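Here the structure is laid out as structure tokens; the discussion comes afterwards.
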Amino acid sequence: MSFFSFGQSAEIDVVLNDAETRKKVEHKSEDGKKDKYFLFYDGETVSGKVNVTLKSPGKRLEHQGIKIEFIGQIELYYDRGNHHEFVSLVKDLARPGELTQSQTFDFEFTHVEKPYESYTGQNVKLRYFLRATVSRRLNDISKEMDIVVHTLSTYPEMNSSIKMEVGIEDCLHIEFEYNKSKYHLKDVIVGKIYFLLVRIKIKHMEIDIIKRETTGTGPNVYHENDTIAKYEIMDGAPVRGESIPIRLFLAGYEMTPTMRDINKKFSVRYYLNLVLIDEEERRYFKQQEITLWRKGDIVRKSMSHQASIAAQRFEGSASAEKALAQAKEENS
Amino acid sequence: MSDAAVADTRRLNSKPQDLSDAYGPPSNFLEIDVYDPQTVGVGRNRYTTYEVRMRTNLPIFKLKESCVRRRYSDFEWLKNELERDSKIVVPPLPGKALKRQLPFRGDEGIFEESFIEERRVGLEQFINRIAGHPLAQNERCLHMFLQEESIDRNYIPGKV
């Protein structure tokens with residue numbers, strides 16, 4: 001018997017209608033590999049075509065129905081069997097019957113709710129995908145297509161600075177300040193550390209960004225801490241009255257927005273950890289939570305328009321025309 | 001509108017530093033020297049003492065300058081007291097060198113010059129590390145070790 005008779009008698013693939021124009025983003029998979037996926041936002045329609053291609057044309061394909069599903073699910077790594085689906089939509093494409101030739105089916109999931117951002121973490125994964133299935137008696141033929149969802153926010157109305165005095169009695173008193181409590185992913189943390197009392201021999205000071213992924217509930221809560229960034233802000237021994245500035249650009253680090261109690265299954269939170277190290281390698285630290293949010297790309301479009309105006313002033317008109325045309329295209 | 005294309009990264013305002021703070025002596029001055037090893041006693045009852053001199057401006061220490069003589073077992077006593085009473089991970093002492101105390105050695109054993117020097121360096125590192133620890137500075141045993149003429153092993157342990 002040839003091996004081919006053990007394989008699938010048909011192939012399915014899913015193609016989106018806006019595959020040419022829709023933006024793709026990189027997303028890390030569980031094994032750390034990075035791949036590109038189509039980017040969707042909450043409320044957007046997901047539409048396309050399912051192509052069922054018969055491997056041996058002429059041979060009929062009997063089936064128990066053809067359908068396509070749009071699924072959003074949370075998978076906890078320690079509980080792989082149970083997928084928690086928070087979005088589950090299905091469209092039937094064909095009633096049970098048989099296909100005599102390859103066929104294409106249109107589908108549309110209109111204004112789909114996508115309440116959470118796609119996330120692949122240390123102990124949990126939240127993903128959205130389309131799954132097209134040709135049901136059969138013995139084994140189904142199916143194909144999954146992952147998409148990535150980003151959740152956007154706008155500048156928060158209230159964004160107070162964080163300012164606090166901390167220390168060890170009679171040994172070390174500092175006042176730290178960060179300009180905001182909520183930062184977007186391409187923001188800059190501007191702050192300062194003011195020394196009120198220094199009776200220890202400090203060698204250097206750094207600021208770390210810690211990501212804490214929390215999974216599980218009740219007595220089975222598990223925290224996974226990951227230091228995303230370590231940034232030295234001072235080298236040497238400060239004295240009373242010195243003010244050390246902080247300027248930390250977030251765009252260089254791989255971070256997600258803060259996720260709080262997603263579907264009651266997991267959280268991803270970020271903390272700034274201020275660490276002072278003395279001459280004997282003793283560490284003194286203060287952790288402070290910050291909220292991260294994702295800003296939409298609308299600003300970038302207006303910037304390219306600004307760039308085209310700038311080009312008009314400094315370059316020849318030919319390149320300016322090209323820049324303007326490009327800006328118009330992006331804006332439309 | 002608050003939607004700035006480029007973030008404002010200007011430094012936050014801060015109070016100008018007082019010049020006497022900037023150029024004056026730092027408030028964290030603490031130096032301890034362990035030096036001048038002397039062998040005392042005769043015969044089998046000999047032992048080595050070291051001078052432990054401390055200079056500091058930390059207000060927690062009663063004396064800003066002190067000078068005492070201590071032997072290796074005094075350092076051991078301090079280490080044990082701190083390990084028992086405080087939550088500090090106490091740094092290690094230089095070795096006990098029991099082998100050097102056995103008879104029929106080719107050299108001077110524990111009175112060998114190079115060994116005494118090695119031990120002196122280790123004791124100096126030990127005492128500087130522990131005296132700078134904010135939690136150790138609260139313990140009476142540390143103050144007694146550094147600033148009192150002799151160690152009263154029947155003292156009442158506690159915080160300063």
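By convention here, the chains of the structure tokens are called A, B, ... in the order presented, each chain's residues are numbered starting at 1, and ligands are numbered starting at 1 in the order presented.
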*Using backbone DSSP assignments, extract all strand (DSSP E or B) residues from region 88-292 of chain A; output them as a count of residues only.*
130
With only C-alpha atoms counted and 7 Å as the cut-off, give the residues of chain A in contact with chain B, each with its shortest interatomic distance in Å and the pair that gives it, as CSV.
residue,atom,partner,partner_atom,distance
A:Cys171,CA,B:Pro134,CA,6.7
A:Asp187,CA,B:Ala7,CA,6.7
A:Val188,CA,B:Ala7,CA,6.7
A:Val190,CA,B:Thr9,CA,6.2
A:Gly191,CA,B:Leu12,CA,6.2
A:Lys192,CA,B:Leu12,CA,6.7
A:Val198,CA,B:Ser27,CA,6.2
A:Arg199,CA,B:Asn28,CA,4.0
A:Ile200,CA,B:Asn28,CA,5.2
A:Lys201,CA,B:Asn28,CA,6.1
A:Val239,CA,B:Pro26,CA,6.3
A:Arg240,CA,B:Asp21,CA,6.0
A:Gly241,CA,B:Gln17,CA,4.9
A:Glu242,CA,B:Gln17,CA,6.1
A:Ser243,CA,B:Ser14,CA,6.7
A:Pro245,CA,B:Arg11,CA,6.6
A:Glu280,CA,B:Arg129,CA,6.2
A:Val299,CA,B:Ala5,CA,6.6
Restricting it to N, CA and C atoms, dump the selection as a PDB file, in the first residue's frame.
ATOM      1  N   CYS A 171      19.731  55.026  58.641  1.00  0.00           N
ATOM      2  CA  CYS A 171      20.764  54.463  57.764  1.00  0.00           C
ATOM      3  C   CYS A 171      20.719  55.037  56.359  1.00  0.00           C
ATOM      4  N   ASP A 187       6.644  54.712  25.830  1.00  0.00           N
ATOM      5  CA  ASP A 187       6.786  55.905  26.649  1.00  0.00           C
ATOM      6  C   ASP A 187       8.189  55.979  27.247  1.00  0.00           C
ATOM      7  N   VAL A 188       8.415  57.046  28.010  1.00  0.00           N
ATOM      8  CA  VAL A 188       9.698  57.221  28.687  1.00  0.00           C
ATOM      9  C   VAL A 188       9.433  57.420  30.172  1.00  0.00           C
ATOM     10  N   VAL A 190      10.435  59.106  33.312  1.00  0.00           N
ATOM     11  CA  VAL A 190      11.283  60.215  33.755  1.00  0.00           C
ATOM     12  C   VAL A 190      11.101  60.323  35.263  1.00  0.00           C
ATOM     13  N   GLY A 191      12.198  60.334  35.985  1.00  0.00           N
ATOM     14  CA  GLY A 191      12.057  60.385  37.434  1.00  0.00           C
ATOM     15  C   GLY A 191      13.320  60.883  38.091  1.00  0.00           C
ATOM     16  N   LYS A 192      13.341  60.793  39.409  1.00  0.00           N
ATOM     17  CA  LYS A 192      14.555  61.141  40.131  1.00  0.00           C
ATOM     18  C   LYS A 192      14.600  60.479  41.491  1.00  0.00           C
ATOM     19  N   VAL A 198      22.440  59.314  53.985  1.00  0.00           N
ATOM     20  CA  VAL A 198      23.228  58.206  53.453  1.00  0.00           C
ATOM     21  C   VAL A 198      24.272  57.808  54.479  1.00  0.00           C
ATOM     22  N   ARG A 199      23.990  56.786  55.268  1.00  0.00           N
ATOM     23  CA  ARG A 199      24.986  56.334  56.245  1.00  0.00           C
ATOM     24  C   ARG A 199      25.565  54.975  55.863  1.00  0.00           C
ATOM     25  N   ILE A 200      25.265  54.516  54.645  1.00  0.00           N
ATOM     26  CA  ILE A 200      25.888  53.280  54.166  1.00  0.00           C
ATOM     27  C   ILE A 200      26.737  53.630  52.957  1.00  0.00           C
ATOM     28  N   LYS A 201      27.628  52.714  52.596  1.00  0.00           N
ATOM     29  CA  LYS A 201      28.541  52.974  51.471  1.00  0.00           C
ATOM     30  C   LYS A 201      27.943  52.380  50.212  1.00  0.00           C
ATOM     31  N   VAL A 239      25.867  61.483  48.300  1.00  0.00           N
ATOM     32  CA  VAL A 239      25.767  62.056  49.643  1.00  0.00           C
ATOM     33  C   VAL A 239      24.419  62.738  49.774  1.00  0.00           C
ATOM     34  N   ARG A 240      24.149  63.226  50.969  1.00  0.00           N
ATOM     35  CA  ARG A 240      22.868  63.891  51.233  1.00  0.00           C
ATOM     36  C   ARG A 240      22.668  65.077  50.295  1.00  0.00           C
ATOM     37  N   GLY A 241      21.443  65.217  49.818  1.00  0.00           N
ATOM     38  CA  GLY A 241      21.117  66.358  48.971  1.00  0.00           C
ATOM     39  C   GLY A 241      21.314  66.101  47.485  1.00  0.00           C
ATOM     40  N   GLU A 242      21.891  64.948  47.130  1.00  0.00           N
ATOM     41  CA  GLU A 242      22.091  64.685  45.695  1.00  0.00           C
ATOM     42  C   GLU A 242      20.828  64.153  45.058  1.00  0.00           C
ATOM     43  N   SER A 243      20.643  64.532  43.797  1.00  0.00           N
ATOM     44  CA  SER A 243      19.469  64.129  43.049  1.00  0.00           C
ATOM     45  C   SER A 243      19.938  63.394  41.803  1.00  0.00           C
ATOM     46  N   PRO A 245      18.968  61.671  38.274  1.00  0.00           N
ATOM     47  CA  PRO A 245      17.861  61.629  37.320  1.00  0.00           C
ATOM     48  C   PRO A 245      17.674  60.229  36.734  1.00  0.00           C
ATOM     49  N   GLU A 280      29.519  46.038  50.131  1.00  0.00           N
ATOM     50  CA  GLU A 280      29.594  44.627  50.502  1.00  0.00           C
ATOM     51  C   GLU A 280      28.557  43.814  49.765  1.00  0.00           C
ATOM     52  N   VAL A 299      -1.072  58.200  15.713  1.00  0.00           N
ATOM     53  CA  VAL A 299      -0.112  59.309  15.759  1.00  0.00           C
ATOM     54  C   VAL A 299       0.937  59.162  14.674  1.00  0.00           C
TER      55      VAL A 299
END
_Just want the 12 Å neighbourhood of Pro157 (chain B), counted on only C-alpha atoms, with same-chain residues fewer than 4 positions away dropped. Output as a PyMOL selection string._
chain B and resi 78+80-82+84-86+138-144+152-153
Considering only C-alpha atoms, return as a short mmCIF file (atom, residue, chain, number, x, y, z; two decimals) with N, CA and C atoms, in the first residue's frame whatever protein or nucleic-acid residues lie within 7 Å of region 130-135 of chain A, sequence-local ones (same chain, fewer than 5 positions apart) excluded.
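As written to disk, selection01.cif reads:
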data_model
loop_
_atom_site.label_atom_id
_atom_site.label_comp_id
_atom_site.auth_asym_id
_atom_site.auth_seq_id
_atom_site.Cartn_x
_atom_site.Cartn_y
_atom_site.Cartn_z
N HIS A 63 -18.47 13.70 3.63
CA HIS A 63 -18.21 14.40 4.90
C HIS A 63 -19.48 14.59 5.70
N GLN A 64 -19.27 14.84 6.99
CA GLN A 64 -20.39 15.03 7.92
C GLN A 64 -20.67 16.51 8.17
N GLY A 65 -20.16 17.37 7.31
CA GLY A 65 -20.38 18.82 7.48
C GLY A 65 -19.07 19.58 7.42
N ILE A 66 -19.15 20.78 6.91
CA ILE A 66 -17.96 21.66 6.87
C ILE A 66 -18.31 22.93 7.62
N LYS A 67 -17.42 23.33 8.52
CA LYS A 67 -17.71 24.54 9.31
C LYS A 67 -16.42 25.30 9.56
N ILE A 68 -16.61 26.56 9.97
CA ILE A 68 -15.46 27.36 10.40
C ILE A 68 -15.82 28.00 11.74
N GLU A 69 -14.83 27.97 12.65
CA GLU A 69 -15.04 28.55 13.98
C GLU A 69 -14.05 29.68 14.21
N PHE A 70 -14.50 30.66 15.02
CA PHE A 70 -13.60 31.70 15.50
C PHE A 70 -13.53 31.52 17.01
N ILE A 71 -12.33 31.24 17.50
CA ILE A 71 -12.20 30.91 18.92
C ILE A 71 -11.17 31.79 19.62
N ASP A 140 -11.43 13.91 11.34
CA ASP A 140 -11.74 15.18 10.70
C ASP A 140 -10.50 15.72 10.00
N ILE A 141 -10.77 16.53 9.00
CA ILE A 141 -9.67 17.30 8.38
C ILE A 141 -9.85 18.73 8.88
N SER A 142 -8.84 19.28 9.54
CA SER A 142 -9.01 20.65 10.01
C SER A 142 -7.75 21.46 9.84
N LYS A 143 -7.92 22.77 9.86
CA LYS A 143 -6.80 23.70 9.71
C LYS A 143 -7.04 24.88 10.62
N GLU A 144 -6.00 25.23 11.37
CA GLU A 144 -6.12 26.37 12.26
C GLU A 144 -5.29 27.53 11.74
N MET A 145 -5.80 28.74 11.90
CA MET A 145 -5.03 29.92 11.53
C MET A 145 -5.06 30.89 12.71
N ASP A 146 -3.91 31.10 13.32
CA ASP A 146 -3.84 32.00 14.46
C ASP A 146 -3.83 33.45 14.01
#
*Near Glu113 (chain B), counting only C-alpha atoms, which residues have an atom at most 12 Å away, once you skip same-chain residues fewer than 5 positions from it, shown as a list in words?*
Asp36, Pro37, Gln38, Thr39, Thr48, Asp107, Glu108, Glu118, Arg119 and Arg120 of chain B
_Which residue is closest to Val268 (chain A)? Choose from A:Ile202, A:Leu61, A:Leu126, A:Val90 and count only C-alpha atoms._
A:Leu126
*Output as a ChimeraX atom specification all residues of region 18-155 of chain B that backbone DSSP marks as alpha helix (DSSP H).*
/B:19-23,72-85,113-131,140-147
